[in-house]
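Listing of model15.csv; format and content: CSV, C-alpha atoms and all ligand atoms.
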```csv
chain,number,residue,atom,x,y,z
A,1366,MET,CA,-87.4,-24.2,-19.2
A,1367,ASN,CA,-87.8,-22.3,-16.0
A,1368,ILE,CA,-85.3,-23.0,-13.3
A,1369,ASP,CA,-86.7,-22.2,-9.9
A,1370,LEU,CA,-84.4,-22.6,-6.9
A,1371,SER,CA,-86.6,-20.8,-4.4
A,1372,GLY,CA,-86.3,-22.1,-0.9
A,1373,LYS,CA,-82.9,-23.7,-1.6
A,1374,VAL,CA,-79.7,-22.8,0.1
A,1375,ALA,CA,-76.5,-22.8,-1.9
A,1376,LEU,CA,-72.8,-22.5,-1.0
A,1377,VAL,CA,-70.3,-21.4,-3.6
A,1378,THR,CA,-66.7,-21.6,-2.6
A,1379,GLY,CA,-64.3,-19.0,-4.0
A,1380,ALA,CA,-67.2,-16.8,-5.0
A,1381,SER,CA,-65.6,-13.3,-4.6
A,1382,ARG,CA,-64.4,-13.3,-8.2
A,1383,GLY,CA,-64.6,-14.9,-11.6
A,1384,ILE,CA,-66.6,-18.1,-12.2
A,1385,GLY,CA,-67.7,-18.4,-8.5
A,1386,ARG,CA,-68.9,-14.8,-8.4
A,1387,GLU,CA,-71.1,-15.3,-11.6
A,1388,THR,CA,-72.3,-18.6,-10.2
A,1389,GLY,CA,-73.4,-17.1,-7.0
A,1390,ILE,CA,-75.2,-14.3,-8.8
A,1391,LEU,CA,-77.1,-16.7,-11.2
A,1392,LEU,CA,-78.0,-19.1,-8.4
A,1393,ALA,CA,-79.5,-16.1,-6.5
A,1394,LYS,CA,-81.3,-14.9,-9.6
A,1395,ALA,CA,-82.9,-18.4,-9.8
A,1396,GLY,CA,-84.2,-17.9,-6.2
A,1397,ALA,CA,-81.6,-19.6,-4.0
A,1398,SER,CA,-80.1,-18.1,-0.8
A,1399,VAL,CA,-76.4,-18.1,-1.5
A,1400,VAL,CA,-73.4,-18.2,0.8
A,1401,ILE,CA,-70.5,-16.5,-0.9
A,1402,ASN,CA,-67.2,-17.9,0.4
A,1403,TYR,CA,-63.9,-16.2,-0.1
A,1404,VAL,CA,-60.4,-16.4,1.5
A,1405,ARG,CA,-58.8,-12.9,1.2
A,1406,ASN,CA,-61.0,-10.4,-0.8
A,1407,ALA,CA,-63.6,-9.4,1.8
A,1408,GLU,CA,-64.4,-6.3,-0.2
A,1409,LYS,CA,-65.1,-8.2,-3.4
A,1410,ALA,CA,-67.2,-10.8,-1.6
A,1411,GLU,CA,-69.2,-7.9,0.0
A,1412,GLY,CA,-69.7,-6.5,-3.5
A,1413,VAL,CA,-71.1,-9.8,-4.7
A,1414,LYS,CA,-73.5,-9.9,-1.8
A,1415,ASN,CA,-74.6,-6.3,-2.4
A,1416,GLU,CA,-75.2,-7.0,-6.0
A,1417,ILE,CA,-77.4,-10.0,-5.1
A,1418,ILE,CA,-79.3,-8.1,-2.5
A,1419,ASN,CA,-79.9,-5.1,-4.7
A,1420,ASP,CA,-81.3,-7.5,-7.3
A,1421,GLY,CA,-83.9,-8.7,-4.7
A,1422,GLY,CA,-81.9,-11.9,-3.7
A,1423,GLU,CA,-80.6,-13.3,-0.5
A,1424,ALA,CA,-76.9,-13.7,0.3
A,1425,GLU,CA,-74.3,-13.9,3.0
A,1426,ILE,CA,-70.5,-13.9,2.9
A,1427,PHE,CA,-68.2,-16.1,4.9
A,1428,GLN,CA,-64.4,-16.1,5.0
A,1429,ALA,CA,-62.8,-19.5,5.1
A,1430,ASP,CA,-59.8,-21.2,3.6
A,1431,VAL,CA,-61.3,-24.4,2.2
A,1432,SER,CA,-58.1,-26.3,2.6
A,1433,VAL,CA,-58.1,-25.7,6.4
A,1434,PRO,CA,-60.4,-28.2,8.3
A,1435,GLU,CA,-61.2,-25.7,11.1
A,1436,ASP,CA,-62.2,-23.0,8.6
A,1437,VAL,CA,-64.5,-25.4,6.8
A,1438,LYS,CA,-66.1,-26.5,10.0
A,1439,SER,CA,-66.8,-22.9,10.9
A,1440,LEU,CA,-68.3,-22.3,7.5
A,1441,PHE,CA,-70.7,-25.2,7.8
A,1442,ASP,CA,-71.5,-24.3,11.4
A,1443,PHE,CA,-72.5,-20.9,10.1
A,1444,ILE,CA,-74.8,-22.5,7.4
A,1445,ARG,CA,-76.3,-24.9,10.0
A,1446,ASP,CA,-77.1,-22.1,12.4
A,1447,LYS,CA,-78.4,-19.7,9.9
A,1448,TYR,CA,-80.3,-21.9,7.4
A,1449,LYS,CA,-80.5,-25.4,9.0
A,1450,ARG,CA,-80.1,-26.9,5.5
A,1451,LEU,CA,-77.9,-27.0,2.4
A,1452,ASP,CA,-79.2,-28.0,-1.0
A,1453,ILE,CA,-76.4,-27.0,-3.4
A,1454,LEU,CA,-72.7,-27.1,-3.0
A,1455,VAL,CA,-70.4,-25.7,-5.7
A,1456,ASN,CA,-66.8,-26.6,-5.1
A,1457,ASN,CA,-65.2,-23.8,-7.1
A,1458,ALA,CA,-62.3,-22.5,-5.1
A,1459,GLY,CA,-59.1,-23.1,-6.9
A,1460,ILE,CA,-55.6,-21.6,-7.6
A,1461,ILE,CA,-52.7,-22.1,-10.0
A,1462,LYS,CA,-49.1,-22.2,-9.1
A,1463,ASP,CA,-47.5,-23.2,-12.4
A,1464,ASN,CA,-43.9,-24.5,-12.7
A,1465,LEU,CA,-42.1,-27.1,-14.7
A,1466,LEU,CA,-42.0,-30.5,-13.1
A,1467,MET,CA,-38.3,-30.4,-12.4
A,1468,SER,CA,-38.6,-26.9,-10.7
A,1469,MET,CA,-41.8,-27.4,-8.9
A,1470,LYS,CA,-41.5,-26.8,-5.2
A,1471,LEU,CA,-43.3,-29.0,-2.8
A,1472,SER,CA,-45.1,-25.9,-1.4
A,1473,GLU,CA,-46.5,-25.2,-5.0
A,1474,TRP,CA,-47.6,-28.8,-5.3
A,1475,ASP,CA,-49.3,-28.9,-1.9
A,1476,ARG,CA,-51.0,-25.5,-2.1
A,1477,VAL,CA,-52.7,-26.4,-5.4
A,1478,ILE,CA,-53.7,-29.9,-4.4
A,1479,ASP,CA,-54.9,-28.8,-0.9
A,1480,THR,CA,-57.0,-25.9,-2.2
A,1481,THR,CA,-58.7,-27.8,-5.0
A,1482,LEU,CA,-58.8,-31.5,-3.9
A,1483,LYS,CA,-58.6,-31.4,-0.1
A,1484,GLY,CA,-60.9,-28.4,-0.1
A,1485,ALA,CA,-63.5,-30.2,-2.1
A,1486,PHE,CA,-63.2,-33.3,0.1
A,1487,LEU,CA,-63.7,-31.3,3.3
A,1488,CYS,CA,-66.7,-29.3,2.0
A,1489,THR,CA,-68.3,-32.3,0.4
A,1490,GLN,CA,-68.1,-34.3,3.6
A,1491,GLN,CA,-69.7,-31.6,5.6
A,1492,ALA,CA,-72.4,-30.9,2.9
A,1493,SER,CA,-73.2,-34.5,2.4
A,1494,GLU,CA,-74.1,-34.9,6.0
A,1495,MET,CA,-76.7,-32.1,5.8
A,1496,MET,CA,-78.0,-33.2,2.4
A,1497,MET,CA,-78.4,-36.8,3.5
A,1498,ALA,CA,-80.7,-35.6,6.3
A,1499,GLY,CA,-83.0,-34.2,3.7
A,1500,ARG,CA,-82.4,-37.0,1.2
A,1501,SER,CA,-81.6,-34.6,-1.6
A,1502,GLY,CA,-78.8,-32.3,-2.8
A,1503,LYS,CA,-76.6,-31.2,-5.7
A,1504,ILE,CA,-72.8,-31.1,-5.6
A,1505,ILE,CA,-71.1,-29.5,-8.6
A,1506,ASN,CA,-67.3,-29.6,-8.7
A,1507,VAL,CA,-65.3,-27.2,-10.9
A,1508,SER,CA,-62.6,-29.2,-12.6
A,1509,SER,CA,-60.8,-28.0,-15.8
A,1510,VAL,CA,-60.0,-29.1,-19.4
A,1511,GLY,CA,-56.5,-29.2,-17.8
A,1512,ALA,CA,-57.6,-32.5,-16.2
A,1513,ILE,CA,-58.0,-34.2,-19.6
A,1514,ARG,CA,-55.4,-32.3,-21.8
A,1515,GLY,CA,-52.6,-31.9,-19.3
A,1516,GLY,CA,-50.6,-28.7,-19.7
A,1517,ARG,CA,-47.0,-27.6,-19.5
A,1518,GLY,CA,-46.1,-26.4,-16.0
A,1519,GLN,CA,-49.3,-27.8,-14.6
A,1520,THR,CA,-48.5,-31.2,-13.1
A,1521,ASN,CA,-49.9,-29.9,-9.8
A,1522,TYR,CA,-53.0,-28.3,-11.3
A,1523,ALA,CA,-53.7,-31.2,-13.7
A,1524,SER,CA,-53.4,-33.7,-10.9
A,1525,ALA,CA,-55.8,-31.7,-8.7
A,1526,LYS,CA,-58.4,-31.3,-11.5
A,1527,GLY,CA,-58.1,-34.9,-12.6
A,1528,GLY,CA,-58.5,-35.9,-9.0
A,1529,ILE,CA,-61.7,-33.7,-8.8
A,1530,MET,CA,-63.2,-35.6,-11.7
A,1531,SER,CA,-62.5,-39.0,-10.1
A,1532,PHE,CA,-63.6,-37.7,-6.7
A,1533,THR,CA,-66.9,-36.6,-8.3
A,1534,LYS,CA,-67.6,-40.1,-9.8
A,1535,ALA,CA,-66.8,-41.9,-6.5
A,1536,CYS,CA,-69.1,-39.4,-4.6
A,1537,ALA,CA,-71.8,-39.9,-7.2
A,1538,VAL,CA,-71.9,-43.6,-6.7
A,1539,GLU,CA,-72.1,-43.3,-2.9
A,1540,LEU,CA,-74.5,-40.5,-2.8
A,1541,ALA,CA,-77.0,-41.4,-5.5
A,1542,PRO,CA,-79.0,-43.8,-3.2
A,1543,LYS,CA,-79.4,-40.9,-0.8
A,1544,GLY,CA,-81.0,-38.6,-3.5
A,1545,ILE,CA,-77.8,-36.5,-4.0
A,1546,GLN,CA,-76.2,-35.9,-7.4
A,1547,ALA,CA,-72.6,-35.0,-8.0
A,1548,ASN,CA,-71.2,-33.7,-11.3
A,1549,ALA,CA,-68.1,-32.0,-12.5
A,1550,VAL,CA,-67.8,-29.1,-14.9
A,1551,LEU,CA,-64.6,-28.7,-17.0
A,1552,PRO,CA,-64.2,-25.1,-18.1
A,1553,GLY,CA,-61.8,-24.2,-21.0
A,1554,MET,CA,-60.1,-20.9,-21.1
A,1555,ILE,CA,-62.4,-18.5,-19.2
A,1556,VAL,CA,-61.9,-14.7,-18.9
A,1557,THR,CA,-61.1,-14.3,-15.2
A,1558,ASP,CA,-58.2,-13.1,-13.0
A,1559,MET,CA,-56.8,-16.7,-13.0
A,1560,SER,CA,-56.3,-16.8,-16.8
A,1561,THR,CA,-55.1,-13.2,-17.3
A,1562,ARG,CA,-51.4,-14.0,-17.4
A,1563,VAL,CA,-51.6,-16.9,-19.8
A,1564,ARG,CA,-54.1,-15.1,-22.1
A,1565,LYS,CA,-51.6,-12.2,-22.3
A,1566,ARG,CA,-48.7,-14.4,-22.9
A,1567,ALA,CA,-50.2,-17.0,-25.3
A,1568,GLY,CA,-53.8,-15.8,-26.0
A,1569,ASP,CA,-53.5,-15.9,-29.8
A,1570,LYS,CA,-52.1,-19.4,-29.8
A,1571,ILE,CA,-54.7,-20.7,-27.4
A,1572,LEU,CA,-57.5,-19.1,-29.5
A,1573,GLU,CA,-56.3,-21.1,-32.5
A,1574,ARG,CA,-57.1,-24.2,-30.5
A,1575,ILE,CA,-60.7,-23.1,-29.7
A,1576,PRO,CA,-63.2,-24.0,-32.5
A,1577,ALA,CA,-65.6,-21.5,-31.1
A,1578,GLU,CA,-63.0,-18.8,-31.8
A,1579,ARG,CA,-63.5,-17.0,-28.5
A,1580,PHE,CA,-62.5,-17.4,-24.8
A,1581,GLY,CA,-65.3,-18.4,-22.4
A,1582,GLU,CA,-67.0,-16.0,-20.1
A,1583,PRO,CA,-67.8,-16.9,-16.4
A,1584,ARG,CA,-71.5,-16.9,-17.4
A,1585,ASP,CA,-70.8,-19.8,-19.8
A,1586,ILE,CA,-69.8,-22.0,-16.9
A,1587,ALA,CA,-72.3,-20.5,-14.3
A,1588,GLN,CA,-75.3,-21.3,-16.5
A,1589,LEU,CA,-74.5,-25.0,-16.6
A,1590,ILE,CA,-73.9,-25.1,-12.9
A,1591,VAL,CA,-77.3,-23.6,-12.3
A,1592,PHE,CA,-78.9,-26.2,-14.5
A,1593,LEU,CA,-77.0,-29.0,-12.7
A,1594,ALA,CA,-78.2,-27.5,-9.4
A,1595,SER,CA,-81.8,-27.7,-10.5
A,1596,ASP,CA,-84.5,-30.4,-10.2
A,1597,GLN,CA,-84.3,-30.7,-14.0
A,1598,ALA,CA,-80.9,-32.4,-13.6
A,1599,ASP,CA,-82.1,-35.0,-11.0
A,1600,TYR,CA,-81.2,-38.0,-13.2
A,1601,ILE,CA,-77.7,-36.7,-14.1
A,1602,THR,CA,-74.9,-37.8,-11.8
A,1603,GLY,CA,-71.2,-38.7,-11.9
A,1604,GLN,CA,-70.7,-36.8,-15.2
A,1605,ALA,CA,-67.8,-34.6,-16.3
A,1606,ILE,CA,-69.0,-31.9,-18.7
A,1607,SER,CA,-66.7,-29.7,-20.7
A,1608,VAL,CA,-67.6,-26.1,-21.4
A,1609,ASP,CA,-64.8,-25.0,-23.6
A,1610,GLY,CA,-66.0,-24.0,-27.0
A,1611,GLY,CA,-64.7,-27.3,-28.4
A,1612,MET,CA,-61.1,-26.8,-27.0
A,1613,SER,CA,-60.9,-30.4,-25.6
A,1614,ILE,CA,-62.0,-32.1,-28.9
A,1615,SER,CA,-60.0,-30.1,-31.3
B,1,LIG,P1,-60.2,-16.6,-9.8
B,1,LIG,O1,-60.8,-15.5,-10.6
B,1,LIG,O2,-58.8,-16.6,-9.6
B,1,LIG,O3,-61.0,-16.7,-8.4
B,1,LIG,C1,-60.6,-17.7,-7.5
B,1,LIG,C2,-61.6,-17.7,-6.3
B,1,LIG,O4,-61.2,-18.7,-5.4
B,1,LIG,C3,-61.6,-16.4,-5.6
B,1,LIG,O5,-62.9,-16.1,-5.1
B,1,LIG,C4,-60.7,-16.7,-4.4
B,1,LIG,O6,-61.0,-15.9,-3.2
B,1,LIG,C5,-61.0,-18.1,-4.1
B,1,LIG,N1,-60.1,-18.9,-3.4
B,1,LIG,C6,-58.8,-19.1,-3.7
B,1,LIG,N2,-58.2,-19.9,-2.8
B,1,LIG,C7,-59.1,-20.2,-1.8
B,1,LIG,C8,-59.2,-20.9,-0.6
B,1,LIG,N3,-58.1,-21.6,-0.2
B,1,LIG,N4,-60.3,-21.0,0.1
B,1,LIG,C9,-61.4,-20.3,-0.4
B,1,LIG,N5,-61.5,-19.6,-1.5
B,1,LIG,C10,-60.3,-19.6,-2.2
B,1,LIG,O7,-60.5,-18.0,-10.5
B,1,LIG,P2,-61.5,-18.5,-11.6
B,1,LIG,O8,-60.9,-18.4,-12.9
B,1,LIG,O9,-62.9,-17.9,-11.4
B,1,LIG,O10,-61.6,-20.1,-11.2
B,1,LIG,C11,-62.6,-20.7,-10.5
B,1,LIG,C12,-62.5,-22.2,-10.7
B,1,LIG,O11,-62.5,-22.5,-12.1
B,1,LIG,C13,-61.1,-22.7,-10.2
B,1,LIG,O12,-61.3,-23.9,-9.5
B,1,LIG,C14,-60.3,-22.9,-11.4
B,1,LIG,O13,-59.3,-23.8,-11.3
B,1,LIG,C15,-61.4,-23.3,-12.4
B,1,LIG,N6,-61.0,-23.1,-13.8
B,1,LIG,C16,-60.8,-21.8,-14.3
B,1,LIG,C17,-60.4,-21.6,-15.6
B,1,LIG,C18,-60.2,-20.3,-16.2
B,1,LIG,O14,-59.8,-20.2,-17.4
B,1,LIG,N7,-60.4,-19.2,-15.5
B,1,LIG,C19,-60.3,-22.8,-16.5
B,1,LIG,C20,-60.6,-24.0,-15.9
B,1,LIG,C21,-61.0,-24.2,-14.6
B,1,LIG,P3,-60.3,-14.5,-2.9
B,1,LIG,O15,-60.9,-13.5,-3.9
B,1,LIG,O16,-60.6,-14.2,-1.5
B,1,LIG,O17,-58.8,-14.7,-3.2
```

Conversion result in structure tokens:
Amino acid sequence: MNIDLSGKVALVTGASRGIGRETGILLAKAGASVVINYVRNAEKAEGVKNEIINDGGEAEIFQADVSVPEDVKSLFDFIRDKYKRLDILVNNAGIIKDNLLMSMKLSEWDRVIDTTLKGAFLCTQQASEMMMAGRSGKIINVSSVGAIRGGRGQTNYASAKGGIMSFTKACAVELAPKGIQANAVLPGMIVTDMSTRVRKRAGDKILERIPAERFGEPRDIAQLIVFLASDQADYITGQAISVDGGMSIS
């Protein structure tokens, strides 16, 4: 099956590192022009852009904190000015601030919910307006197996990622008649900066719970996202798909 995203414009939030980085690169390889969003790591975002351009693709970088409405507006103003369209939105930006329920600070709760859930809401609202104009579009939200399994010290993260799943379904119902599909991807334990600490602390124990007997790579997630962003996935909407080597069913 040949996935061709030529002529499409994609935005990947949190694409300077990890899953977002790989997603941006694979979307560009499939022919899309890709906007690489980041919040702090300009150098890394520039590196992703250069890798795409050196490979013959098209990319731009844009700094924006997805939890800040003014930043999100600037990001979408940039996309409107430069491309006049948006075909693919990947709500990937996310953070962890783990703490036990009884010790969790309100700031830790707010930061995680705001980045993941409010960020996805703000970006999806802006993107939907542009997609509705063209009566087509793909929205892919990065949730987590943490949404369905829970996790010690992750009441904030599990709530944000569970919220993203429900948000995806509600968006899918509203947007399907407009030709826009929304789906959620639930990664398991993926080798990125985010999971470094927990893999170091409890890697062996976690591996025992993964039937595939390995951690995931960013590419495992990015490949599904590219498929969901393609015309081949036009009849798939409102779904939450785990990519976790069987972690969530073991
Ligand atoms: P990562 O390596 O820590 O990268 C996070 C990315 O998000 C970076 O590009 C970062 O930008 C960006 N970011 C953070 N806060 C942001 C904000 N407020 N506005 C815009 N961008 C922001 O994380 P990852 O492991 O690739 O995770 C990507 C997504 O997958 C997250 O939603 C995460 O929850 C989810 N996930 C990951 C795993 C895993 O095992 N890794 C498992 C399940 C789900 P800067 O570089 O500028 O800081």

Practice task
For atom CA of Val1437 of chain A and atom CA of Leu1487 of chain A, quote the distance in Å rounded to one decimal.
Solution key: 6.9 Å

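The list of residues with at least one atom within 12 Å of Asp1585 of chain A, based on only C-alpha atoms and without residues fewer than 2 positions apart in the same chain, reads A:Gly1383, A:Ile1384, A:Gly1385, A:Glu1387, A:Thr1388, A:Leu1391, A:Val1550, A:Leu1551, A:Pro1552, A:Gly1553, A:Met1554, A:Ile1555, A:Val1556, A:Arg1579, A:Phe1580, A:Gly1581, A:Glu1582, A:Pro1583, A:Ala1587, A:Gln1588, A:Leu1589, A:Ile1590, A:Val1591, A:Phe1592, A:Ser1607, A:Val1608, A:Asp1609, A:Gly1610.
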
Exercise for the section: Give the residue list for ligand LIG 1 (chain B) at 8 Å, counting all atoms listed in the file, as a PyMOL selection string, sorted by chain and then by residue number. Expected result: chain A and resi 1378-1386+1402-1407+1409-1410+1428-1433+1456-1461+1479-1481+1484+1507-1511+1522+1526+1551-1560+1581+1583

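Straight-line separation from atom CA of Lys1414 of chain A to atom CA of Asp1452 of chain A: 19.0 Å.
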
Problem - Straight-line distance linking atom CA of Ala1535 of chain A with atom CA of Ala1498 of chain A, stated in Å to one decimal - result: 19.9 Å

Exercise for the section: Go through A:Ile1390, A:Phe1427, A:Leu1482, A:Pro1542 and flag the residue nearest Val1413 of chain A, using only C-alpha atoms for the distances. Expected result: A:Ile1390

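The protein and nucleic acid residues lying at most 6 Å from Ala1549 of chain A are A:Ile1505, A:Asn1506, A:Val1507, A:Ala1605, with all atoms listed in the file considered and sequence neighbours fewer than 3 positions away removed.
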
Please produce an output containing C-alpha atoms for each residue in the selection, written as a short mmCIF file (atom, residue, chain, number, x, y, z; two decimals), keeping the file's coordinate frame.
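This is the output file result_26.cif:
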```
data_model
loop_
_atom_site.label_atom_id
_atom_site.label_comp_id
_atom_site.auth_asym_id
_atom_site.auth_seq_id
_atom_site.Cartn_x
_atom_site.Cartn_y
_atom_site.Cartn_z
CA ILE A 1505 -71.10 -29.50 -8.60
CA ASN A 1506 -67.30 -29.60 -8.70
CA VAL A 1507 -65.30 -27.20 -10.90
CA ALA A 1605 -67.80 -34.60 -16.30
#
```

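You can rank A:Asn1464, A:Ser1501, A:Asn1415, A:Asn1521 by their closest distance to Gly1389 of chain A using only C-alpha atoms, and at the top of that list sits A:Asn1415.
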
Exercise for the section: Excluding Asp1463 of chain A and residues on its chain fewer than 6 positions from it, collect all residues at most 10 Å away from it, counting all atoms listed in the file, and give them as a PyMOL selection string. Expected result: chain A and resi 1469+1473-1474+1477+1516-1522

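Closest approach to Asp1475 of chain A from the set A:Ile1586, A:Cys1536, A:Ala1525, A:Leu1440 is made by A:Ala1525, with distances taken over all atoms listed in the file.
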
Completion exercise
The residue from A:Ser1531, A:Gln1546, A:Ser1371, A:Thr1602 with the smallest atom-to-atom distance to Met1497 of chain A, counting all atoms listed in the file, is A:Gln1546

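Using only C-alpha atoms, every residue with an atom at most 8 Å from the point (-85.8, -24.7, -2.8) is listed here: Asp1369, Leu1370, Ser1371, Gly1372, Lys1373, Val1374, Gly1396, Ala1397 and Asp1452 of chain A.
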
I'd like the box whose edges run along x, y and z of the file and which contains every listed atom of segment 1449-1463 of chain A, padded by 4 Å per side; could you state its centre and edge lengths in Å, one decimal, as AutoDock Vina command-line options?
```
--center_x -64.0 --center_y -24.8 --center_z -1.7 --size_x 41.0 --size_y 14.4 --size_z 29.4
```

Exercise for the section: Mind checking which residues fall within 12 Å of Lys1543 of chain A, counting all atoms listed in the file, ignoring those fewer than 3 positions away in the same chain, and posting them as a list in words? Expected result: Ser1493, Glu1494, Met1495, Met1496, Met1497, Ala1498, Gly1499, Arg1500, Ser1501, Gly1502, Lys1503, Cys1536, Ala1537, Val1538, Glu1539, Leu1540, Gln1546 and Ala1547 of chain A

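With only C-alpha atoms as the atoms that count, the residue of A:Thr1533, A:Asp1596, A:Ser1615, A:Asp1436 with the shortest distance to Ala1577 of chain A is A:Ser1615.
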